[in-house]
>>> print(open('run02.cif').read())   # mmCIF, N, CA and C atoms
data_work
#
loop_
_atom_site.label_atom_id
_atom_site.label_comp_id
_atom_site.auth_asym_id
_atom_site.auth_seq_id
_atom_site.Cartn_x
_atom_site.Cartn_y
_atom_site.Cartn_z
N MET A 18 -20.32 -15.65 11.02
CA MET A 18 -20.18 -16.25 12.33
C MET A 18 -19.60 -17.66 12.19
N THR A 19 -18.60 -17.95 12.97
CA THR A 19 -17.95 -19.25 12.93
C THR A 19 -18.73 -20.25 13.78
N PRO A 20 -19.00 -21.44 13.24
CA PRO A 20 -19.70 -22.45 14.03
C PRO A 20 -18.89 -22.78 15.29
N PRO A 21 -19.58 -23.16 16.37
CA PRO A 21 -18.87 -23.42 17.63
C PRO A 21 -17.90 -24.59 17.55
N TYR A 22 -18.10 -25.51 16.63
CA TYR A 22 -17.22 -26.68 16.53
C TYR A 22 -16.47 -26.67 15.21
N HIS A 23 -15.79 -25.62 14.95
CA HIS A 23 -15.03 -25.46 13.71
C HIS A 23 -13.77 -26.32 13.79
N HIS A 24 -13.59 -27.24 12.84
CA HIS A 24 -12.50 -28.22 12.90
C HIS A 24 -11.38 -27.95 11.92
N SER A 25 -11.22 -26.73 11.45
CA SER A 25 -10.18 -26.47 10.46
C SER A 25 -8.79 -26.66 11.03
N HIS A 26 -8.65 -26.61 12.35
CA HIS A 26 -7.33 -26.78 12.95
C HIS A 26 -6.93 -28.25 13.07
N LEU A 27 -7.88 -29.17 12.84
CA LEU A 27 -7.55 -30.60 12.91
C LEU A 27 -6.86 -31.04 11.63
N ARG A 28 -5.82 -31.84 11.77
CA ARG A 28 -5.10 -32.34 10.62
C ARG A 28 -5.53 -33.77 10.33
N LYS A 29 -5.66 -34.09 9.06
CA LYS A 29 -5.96 -35.46 8.67
C LYS A 29 -4.70 -36.30 8.81
N LYS A 30 -4.90 -37.56 9.14
CA LYS A 30 -3.76 -38.45 9.28
C LYS A 30 -4.19 -39.86 8.89
N VAL A 31 -3.41 -40.49 8.02
CA VAL A 31 -3.63 -41.89 7.65
C VAL A 31 -2.28 -42.58 7.81
N LYS A 32 -2.29 -43.71 8.51
CA LYS A 32 -1.06 -44.47 8.70
C LYS A 32 -1.35 -45.94 8.42
N VAL A 33 -0.48 -46.57 7.64
CA VAL A 33 -0.60 -47.98 7.32
C VAL A 33 0.70 -48.67 7.69
N GLU A 34 0.59 -49.79 8.39
CA GLU A 34 1.76 -50.59 8.71
C GLU A 34 1.59 -51.99 8.14
N ILE A 35 2.67 -52.50 7.58
CA ILE A 35 2.67 -53.84 7.01
C ILE A 35 3.84 -54.60 7.62
N THR A 36 3.60 -55.84 7.98
CA THR A 36 4.68 -56.70 8.46
C THR A 36 4.84 -57.84 7.46
N ASP A 37 6.06 -58.01 6.94
CA ASP A 37 6.29 -59.07 5.97
C ASP A 37 6.51 -60.41 6.68
N GLU A 38 6.70 -61.45 5.86
CA GLU A 38 6.84 -62.80 6.43
C GLU A 38 8.10 -62.98 7.26
N GLU A 39 9.07 -62.07 7.12
CA GLU A 39 10.30 -62.14 7.91
C GLU A 39 10.20 -61.34 9.21
N GLY A 40 9.04 -60.66 9.41
CA GLY A 40 8.85 -59.91 10.64
C GLY A 40 9.23 -58.44 10.55
N THR A 41 9.66 -57.98 9.38
CA THR A 41 10.00 -56.57 9.21
C THR A 41 8.71 -55.77 9.07
N THR A 42 8.60 -54.67 9.82
CA THR A 42 7.41 -53.82 9.74
C THR A 42 7.74 -52.56 8.95
N TYR A 43 6.86 -52.24 8.00
CA TYR A 43 6.98 -51.04 7.18
C TYR A 43 5.83 -50.11 7.54
N SER A 44 6.13 -48.83 7.74
CA SER A 44 5.10 -47.84 8.06
C SER A 44 5.08 -46.77 6.97
N LEU A 45 3.87 -46.39 6.58
CA LEU A 45 3.69 -45.33 5.60
C LEU A 45 2.57 -44.45 6.12
N ALA A 46 2.81 -43.13 6.18
CA ALA A 46 1.82 -42.22 6.75
C ALA A 46 1.63 -40.99 5.88
N LEU A 47 0.41 -40.49 5.87
CA LEU A 47 0.07 -39.21 5.25
C LEU A 47 -0.43 -38.29 6.36
N HIS A 48 0.03 -37.05 6.37
CA HIS A 48 -0.40 -36.06 7.36
C HIS A 48 -0.80 -34.79 6.62
N GLY A 49 -1.79 -34.09 7.14
CA GLY A 49 -2.18 -32.80 6.56
C GLY A 49 -3.30 -32.94 5.56
N LYS A 50 -3.28 -32.10 4.54
CA LYS A 50 -4.32 -32.12 3.51
C LYS A 50 -3.96 -33.17 2.46
N PHE A 51 -4.90 -34.07 2.17
CA PHE A 51 -4.69 -35.03 1.11
C PHE A 51 -6.03 -35.47 0.56
N SER A 52 -5.98 -35.92 -0.68
CA SER A 52 -7.19 -36.32 -1.40
C SER A 52 -7.28 -37.85 -1.43
N GLN A 53 -8.41 -38.32 -1.94
CA GLN A 53 -8.58 -39.76 -2.12
C GLN A 53 -7.53 -40.29 -3.09
N ASP A 54 -7.17 -39.48 -4.08
CA ASP A 54 -6.15 -39.89 -5.04
C ASP A 54 -4.81 -40.15 -4.35
N LYS A 55 -4.43 -39.30 -3.41
CA LYS A 55 -3.17 -39.52 -2.69
C LYS A 55 -3.23 -40.77 -1.83
N VAL A 56 -4.39 -41.04 -1.23
CA VAL A 56 -4.54 -42.27 -0.44
C VAL A 56 -4.43 -43.49 -1.36
N MET A 57 -5.03 -43.41 -2.55
CA MET A 57 -4.94 -44.53 -3.50
C MET A 57 -3.50 -44.74 -3.96
N ARG A 58 -2.75 -43.65 -4.15
CA ARG A 58 -1.33 -43.80 -4.50
C ARG A 58 -0.56 -44.48 -3.38
N MET A 59 -0.90 -44.12 -2.15
CA MET A 59 -0.25 -44.76 -1.00
C MET A 59 -0.55 -46.26 -1.00
N MET A 60 -1.80 -46.61 -1.30
CA MET A 60 -2.18 -48.03 -1.32
C MET A 60 -1.45 -48.77 -2.45
N GLU A 61 -1.21 -48.08 -3.57
CA GLU A 61 -0.45 -48.70 -4.66
C GLU A 61 0.98 -49.00 -4.22
N LEU A 62 1.58 -48.10 -3.43
CA LEU A 62 2.91 -48.35 -2.89
C LEU A 62 2.89 -49.58 -1.99
N ILE A 63 1.87 -49.67 -1.19
CA ILE A 63 1.74 -50.81 -0.29
C ILE A 63 1.59 -52.10 -1.08
N ASP A 64 0.82 -52.04 -2.18
CA ASP A 64 0.67 -53.21 -3.03
C ASP A 64 2.01 -53.67 -3.60
N LEU A 65 2.92 -52.73 -3.85
CA LEU A 65 4.24 -53.10 -4.36
C LEU A 65 4.98 -54.01 -3.39
N PHE A 66 4.79 -53.78 -2.09
CA PHE A 66 5.42 -54.66 -1.10
C PHE A 66 4.89 -56.08 -1.23
N GLY A 67 3.64 -56.23 -1.59
CA GLY A 67 3.03 -57.54 -1.70
C GLY A 67 3.34 -58.26 -2.98
N GLN A 68 4.05 -57.61 -3.90
CA GLN A 68 4.34 -58.23 -5.18
C GLN A 68 5.66 -58.99 -5.19
N GLY A 69 6.31 -59.09 -4.06
CA GLY A 69 7.61 -59.76 -4.00
C GLY A 69 7.58 -61.20 -4.43
N ASP A 70 6.54 -61.94 -4.07
CA ASP A 70 6.45 -63.35 -4.42
C ASP A 70 5.21 -63.57 -5.26
N HIS A 71 5.37 -63.49 -6.59
CA HIS A 71 4.24 -63.62 -7.49
C HIS A 71 3.65 -65.02 -7.47
N ASN A 72 4.43 -66.03 -7.13
CA ASN A 72 3.93 -67.40 -7.15
C ASN A 72 2.82 -67.61 -6.15
N THR A 73 2.89 -66.99 -4.99
CA THR A 73 1.86 -67.22 -3.99
C THR A 73 0.67 -66.29 -4.14
N SER A 74 0.80 -65.19 -4.88
CA SER A 74 -0.30 -64.23 -4.97
C SER A 74 -1.53 -64.83 -5.64
N HIS A 75 -1.37 -65.83 -6.50
CA HIS A 75 -2.50 -66.44 -7.18
C HIS A 75 -3.07 -67.62 -6.40
N THR A 76 -2.31 -68.17 -5.48
CA THR A 76 -2.74 -69.39 -4.82
C THR A 76 -3.26 -69.15 -3.41
N LEU A 77 -2.88 -68.04 -2.79
CA LEU A 77 -3.36 -67.76 -1.45
C LEU A 77 -4.79 -67.22 -1.51
N PRO A 78 -5.63 -67.57 -0.52
CA PRO A 78 -6.98 -67.00 -0.51
C PRO A 78 -6.91 -65.50 -0.24
N PRO A 79 -7.86 -64.74 -0.78
CA PRO A 79 -7.85 -63.30 -0.55
C PRO A 79 -8.04 -62.95 0.92
N ASP A 80 -7.43 -61.86 1.36
CA ASP A 80 -7.57 -61.37 2.73
C ASP A 80 -8.90 -60.61 2.81
N GLU A 81 -9.92 -61.25 3.36
CA GLU A 81 -11.25 -60.65 3.38
C GLU A 81 -11.42 -59.56 4.44
N SER A 82 -10.35 -59.22 5.14
CA SER A 82 -10.43 -58.10 6.08
C SER A 82 -10.23 -56.77 5.35
N THR A 83 -9.85 -56.83 4.06
CA THR A 83 -9.65 -55.61 3.27
C THR A 83 -10.70 -55.53 2.17
N THR A 84 -10.98 -54.33 1.73
CA THR A 84 -11.91 -54.14 0.61
C THR A 84 -11.39 -54.83 -0.63
N TYR A 85 -10.09 -54.68 -0.89
CA TYR A 85 -9.46 -55.33 -2.05
C TYR A 85 -9.67 -56.85 -1.99
N GLY A 86 -9.45 -57.44 -0.83
CA GLY A 86 -9.62 -58.88 -0.66
C GLY A 86 -11.07 -59.32 -0.85
N ARG A 87 -12.01 -58.50 -0.37
CA ARG A 87 -13.43 -58.84 -0.53
C ARG A 87 -13.84 -58.76 -2.00
N VAL A 88 -13.29 -57.79 -2.74
CA VAL A 88 -13.58 -57.69 -4.17
C VAL A 88 -13.03 -58.92 -4.89
N LEU A 89 -11.79 -59.31 -4.59
CA LEU A 89 -11.20 -60.48 -5.23
C LEU A 89 -11.98 -61.75 -4.89
N LYS A 90 -12.40 -61.88 -3.65
CA LYS A 90 -13.19 -63.05 -3.24
C LYS A 90 -14.53 -63.09 -3.99
N LEU A 91 -15.17 -61.94 -4.15
CA LEU A 91 -16.42 -61.85 -4.91
C LEU A 91 -16.21 -62.32 -6.34
N ILE A 92 -15.12 -61.89 -6.95
CA ILE A 92 -14.82 -62.29 -8.32
C ILE A 92 -14.60 -63.80 -8.39
N GLN A 93 -13.82 -64.34 -7.46
CA GLN A 93 -13.52 -65.77 -7.47
C GLN A 93 -14.77 -66.61 -7.24
N SER A 94 -15.67 -66.14 -6.39
CA SER A 94 -16.85 -66.95 -6.05
C SER A 94 -18.00 -66.78 -7.05
N SER A 95 -18.14 -65.61 -7.66
CA SER A 95 -19.30 -65.36 -8.51
C SER A 95 -19.00 -65.24 -10.00
N TYR A 96 -17.75 -64.99 -10.32
CA TYR A 96 -17.41 -64.71 -11.72
C TYR A 96 -16.27 -65.59 -12.22
N SER A 97 -16.16 -66.80 -11.71
CA SER A 97 -15.03 -67.64 -12.10
C SER A 97 -15.11 -68.09 -13.56
N THR A 98 -16.31 -68.10 -14.13
CA THR A 98 -16.45 -68.58 -15.51
C THR A 98 -17.13 -67.59 -16.44
N LYS A 99 -17.36 -66.37 -15.98
CA LYS A 99 -18.05 -65.42 -16.86
C LYS A 99 -17.41 -64.05 -16.82
N GLU A 100 -17.71 -63.26 -17.83
CA GLU A 100 -17.18 -61.91 -17.93
C GLU A 100 -17.95 -60.96 -17.03
N PHE A 101 -17.32 -59.84 -16.68
CA PHE A 101 -17.96 -58.86 -15.80
C PHE A 101 -17.33 -57.50 -16.02
N SER A 102 -18.03 -56.49 -15.53
CA SER A 102 -17.55 -55.11 -15.62
C SER A 102 -17.36 -54.56 -14.21
N SER A 103 -16.78 -53.38 -14.13
CA SER A 103 -16.64 -52.71 -12.83
C SER A 103 -18.01 -52.49 -12.20
N ALA A 104 -18.98 -52.11 -13.01
CA ALA A 104 -20.33 -51.86 -12.50
C ALA A 104 -20.95 -53.13 -11.92
N ASP A 105 -20.70 -54.29 -12.56
CA ASP A 105 -21.21 -55.56 -12.03
C ASP A 105 -20.66 -55.82 -10.64
N ILE A 106 -19.36 -55.61 -10.47
CA ILE A 106 -18.72 -55.87 -9.19
C ILE A 106 -19.22 -54.90 -8.13
N ALA A 107 -19.32 -53.61 -8.48
CA ALA A 107 -19.80 -52.61 -7.51
C ALA A 107 -21.22 -52.94 -7.06
N ARG A 108 -22.08 -53.32 -7.99
CA ARG A 108 -23.47 -53.67 -7.67
C ARG A 108 -23.52 -54.91 -6.75
N ASP A 109 -22.80 -55.97 -7.13
CA ASP A 109 -22.83 -57.19 -6.33
C ASP A 109 -22.18 -57.00 -4.97
N TYR A 110 -21.13 -56.20 -4.91
CA TYR A 110 -20.47 -55.91 -3.63
C TYR A 110 -21.47 -55.28 -2.67
N GLU A 111 -22.19 -54.27 -3.16
CA GLU A 111 -23.17 -53.59 -2.30
C GLU A 111 -24.30 -54.52 -1.91
N GLU A 112 -24.80 -55.33 -2.85
CA GLU A 112 -25.90 -56.25 -2.56
C GLU A 112 -25.50 -57.30 -1.53
N ARG A 113 -24.32 -57.87 -1.67
CA ARG A 113 -23.90 -58.97 -0.80
C ARG A 113 -23.35 -58.50 0.53
N LEU A 114 -22.63 -57.38 0.53
CA LEU A 114 -21.98 -56.93 1.76
C LEU A 114 -22.72 -55.79 2.44
N GLY A 115 -23.75 -55.26 1.76
CA GLY A 115 -24.54 -54.19 2.35
C GLY A 115 -23.79 -52.88 2.52
N SER A 116 -22.73 -52.71 1.76
CA SER A 116 -21.91 -51.52 1.88
C SER A 116 -21.57 -51.02 0.48
N PRO A 117 -21.82 -49.73 0.20
CA PRO A 117 -21.48 -49.23 -1.14
C PRO A 117 -19.97 -49.14 -1.33
N ILE A 118 -19.56 -49.27 -2.58
CA ILE A 118 -18.15 -49.12 -2.93
C ILE A 118 -18.09 -48.23 -4.17
N PRO A 119 -17.26 -47.20 -4.16
CA PRO A 119 -17.20 -46.31 -5.34
C PRO A 119 -16.76 -47.06 -6.58
N LEU A 120 -17.39 -46.74 -7.70
CA LEU A 120 -17.05 -47.38 -8.97
C LEU A 120 -15.58 -47.14 -9.32
N SER A 121 -15.06 -45.97 -8.96
CA SER A 121 -13.65 -45.66 -9.24
C SER A 121 -12.71 -46.60 -8.48
N THR A 122 -13.10 -46.98 -7.26
CA THR A 122 -12.30 -47.91 -6.46
C THR A 122 -12.29 -49.29 -7.12
N VAL A 123 -13.48 -49.75 -7.53
CA VAL A 123 -13.57 -51.05 -8.20
C VAL A 123 -12.74 -51.04 -9.47
N SER A 124 -12.84 -49.97 -10.26
CA SER A 124 -12.08 -49.88 -11.51
C SER A 124 -10.58 -49.95 -11.26
N THR A 125 -10.13 -49.26 -10.21
CA THR A 125 -8.71 -49.29 -9.86
C THR A 125 -8.28 -50.71 -9.48
N TYR A 126 -9.07 -51.38 -8.63
CA TYR A 126 -8.73 -52.74 -8.20
C TYR A 126 -8.69 -53.69 -9.39
N LEU A 127 -9.68 -53.60 -10.29
CA LEU A 127 -9.71 -54.50 -11.44
C LEU A 127 -8.53 -54.24 -12.37
N SER A 128 -8.18 -52.99 -12.54
CA SER A 128 -7.02 -52.65 -13.37
C SER A 128 -5.74 -53.24 -12.79
N ARG A 129 -5.57 -53.13 -11.49
CA ARG A 129 -4.39 -53.72 -10.83
C ARG A 129 -4.36 -55.23 -11.00
N GLN A 130 -5.53 -55.87 -10.84
CA GLN A 130 -5.58 -57.32 -10.98
C GLN A 130 -5.27 -57.73 -12.42
N ALA A 131 -5.70 -56.94 -13.38
CA ALA A 131 -5.37 -57.23 -14.79
C ALA A 131 -3.87 -57.05 -15.02
N ASP A 132 -3.29 -56.01 -14.45
CA ASP A 132 -1.85 -55.78 -14.59
C ASP A 132 -1.04 -56.94 -14.01
N ARG A 133 -1.55 -57.57 -12.97
CA ARG A 133 -0.85 -58.69 -12.33
C ARG A 133 -1.14 -60.03 -12.98
N GLY A 134 -2.05 -60.05 -13.95
CA GLY A 134 -2.36 -61.30 -14.63
C GLY A 134 -3.44 -62.12 -13.93
N ILE A 135 -4.05 -61.58 -12.89
CA ILE A 135 -5.13 -62.28 -12.19
C ILE A 135 -6.39 -62.24 -13.05
N LEU A 136 -6.58 -61.12 -13.76
CA LEU A 136 -7.71 -60.95 -14.67
C LEU A 136 -7.20 -60.66 -16.07
N SER A 137 -7.99 -61.04 -17.06
CA SER A 137 -7.74 -60.56 -18.41
C SER A 137 -8.80 -59.50 -18.69
N ARG A 138 -8.49 -58.56 -19.55
CA ARG A 138 -9.48 -57.53 -19.85
C ARG A 138 -9.49 -57.22 -21.32
N GLN A 139 -10.67 -56.78 -21.76
CA GLN A 139 -10.88 -56.49 -23.17
C GLN A 139 -11.74 -55.23 -23.25
N LYS A 140 -11.39 -54.35 -24.16
CA LYS A 140 -12.16 -53.13 -24.37
C LYS A 140 -13.48 -53.49 -25.05
N PHE A 141 -14.58 -52.99 -24.49
CA PHE A 141 -15.90 -53.23 -25.07
C PHE A 141 -16.62 -51.89 -25.08
N GLY A 142 -16.70 -51.26 -26.25
CA GLY A 142 -17.26 -49.92 -26.33
C GLY A 142 -16.33 -48.95 -25.61
N ASN A 143 -16.89 -48.22 -24.64
CA ASN A 143 -16.06 -47.28 -23.89
C ASN A 143 -15.71 -47.80 -22.49
N SER A 144 -15.87 -49.10 -22.27
CA SER A 144 -15.54 -49.66 -20.95
C SER A 144 -14.76 -50.96 -21.12
N TRP A 145 -14.32 -51.51 -20.00
CA TRP A 145 -13.55 -52.75 -19.99
C TRP A 145 -14.44 -53.90 -19.54
N VAL A 146 -14.21 -55.06 -20.12
CA VAL A 146 -14.84 -56.30 -19.69
C VAL A 146 -13.72 -57.20 -19.19
N TYR A 147 -13.92 -57.78 -18.02
CA TYR A 147 -12.88 -58.59 -17.36
C TYR A 147 -13.30 -60.05 -17.30
N ARG A 148 -12.30 -60.91 -17.15
CA ARG A 148 -12.52 -62.34 -16.94
C ARG A 148 -11.40 -62.85 -16.05
N LEU A 149 -11.74 -63.70 -15.10
CA LEU A 149 -10.76 -64.29 -14.20
C LEU A 149 -9.84 -65.19 -15.02
N THR A 150 -8.53 -65.03 -14.84
CA THR A 150 -7.55 -65.85 -15.53
C THR A 150 -7.30 -67.10 -14.70
N HIS A 151 -7.41 -68.23 -15.32
CA HIS A 151 -7.13 -69.48 -14.62
C HIS A 151 -5.69 -69.86 -14.90
N ILE A 152 -4.89 -69.90 -13.85
CA ILE A 152 -3.46 -70.12 -13.98
C ILE A 152 -3.10 -71.51 -13.47
N SER A 153 -2.40 -72.28 -14.29
CA SER A 153 -1.97 -73.60 -13.85
C SER A 153 -0.67 -73.48 -13.07
N ASN A 154 -0.32 -74.53 -12.33
CA ASN A 154 0.93 -74.53 -11.57
C ASN A 154 2.15 -74.36 -12.46
N SER A 155 2.10 -74.93 -13.68
CA SER A 155 3.25 -74.78 -14.58
C SER A 155 3.42 -73.33 -15.03
N GLN A 156 2.32 -72.58 -15.16
CA GLN A 156 2.41 -71.17 -15.52
C GLN A 156 3.01 -70.36 -14.37
N LEU A 157 2.77 -70.77 -13.15
CA LEU A 157 3.27 -70.05 -12.00
C LEU A 157 4.77 -70.19 -11.85
N THR A 158 5.34 -71.31 -12.28
CA THR A 158 6.75 -71.55 -12.07
C THR A 158 7.62 -71.06 -13.22
N THR A 159 7.01 -70.64 -14.33
CA THR A 159 7.82 -70.18 -15.45
C THR A 159 7.96 -68.68 -15.46
#
>>> encode(input="run02.cif", output="structure tokens")
Amino acid sequence: MTPPYHHSHLRKKVKVEITDEEGTTYSLALHGKFSQDKVMRMMELIDLFGQGDHNTSHTLPPDESTTYGRVLKLIQSSYSTKEFSSADIARDYEERLGSPIPLSTVSTYLSRQADRGILSRQKFGNSWVYRLTHISNSQLTT
């Protein structure tokens, strides 16, 4: 017997729009069946748009309206001088913001930040240990 509110006919839809500093709007949408992995790939594409000006990415405050921005702000405020793991960030994120965050999401964000030079990372056993990279103005211009 089919439940009275069977939703198999509903299609999933995710749409993200970004407007750059020149006023150009970019739209990216997913329709139909998709996994969290596909959404994360879409977010990686969106991050590519934000990599145009590397000089300001280290000096601008994080956008706290996004999960990524809240994670970066947590790192800057609580881990500016000490090492941390993905599990540390996930735990502190949930404690401070009252909202759980998947460990896989935190790991992805930290990996991206390491790739951009915002964090340094070192293998410790079977996991990564991160540290906030302090960048001087002369490093930003070279």
>>> residues_around(input="run02.cif", residues="stretch 107-118 of chain A", least_positions_apart="5", cutoff="8 Å", atoms="all atoms listed in the file", output="PyMOL selection string")
chain A and resi 87-88+91+102+123-124
>>> residues_around(input="run02.cif", residues="A:Leu127", least_positions_apart="5", cutoff="8 Å", atoms="all atoms listed in the file", output="JSON list (two decimals) with N, CA and C atoms, keeping the file's coordinate frame")
[["chain", "number", "residue", "atom", "x", "y", "z"],
["A", 103, "SER", "N", -16.78, -53.38, -14.13],
["A", 103, "SER", "CA", -16.64, -52.71, -12.83],
["A", 103, "SER", "C", -18.01, -52.49, -12.20],
["A", 121, "SER", "N", -15.06, -45.97, -8.96],
["A", 121, "SER", "CA", -13.65, -45.66, -9.24],
["A", 121, "SER", "C", -12.71, -46.60, -8.48],
["A", 122, "THR", "N", -13.10, -46.98, -7.26],
["A", 122, "THR", "CA", -12.30, -47.91, -6.46],
["A", 122, "THR", "C", -12.29, -49.29, -7.12],
["A", 132, "ASP", "N", -3.29, -56.01, -14.45],
["A", 132, "ASP", "CA", -1.85, -55.78, -14.59],
["A", 132, "ASP", "C", -1.04, -56.94, -14.01],
["A", 133, "ARG", "N", -1.55, -57.57, -12.97],
["A", 133, "ARG", "CA", -0.85, -58.69, -12.33],
["A", 133, "ARG", "C", -1.14, -60.03, -12.98],
["A", 136, "LEU", "N", -6.58, -61.12, -13.76],
["A", 136, "LEU", "CA", -7.71, -60.95, -14.67],
["A", 136, "LEU", "C", -7.20, -60.66, -16.07],
["A", 147, "TYR", "N", -13.92, -57.78, -18.02],
["A", 147, "TYR", "CA", -12.88, -58.59, -17.36],
["A", 147, "TYR", "C", -13.30, -60.05, -17.30]]
>>> closest_residue(input="run02.cif", among="A:Glu100, A:Asp105, A:Glu34, A:Glu81", to="A:Met60", atoms="only C-alpha atoms")
A:Glu34
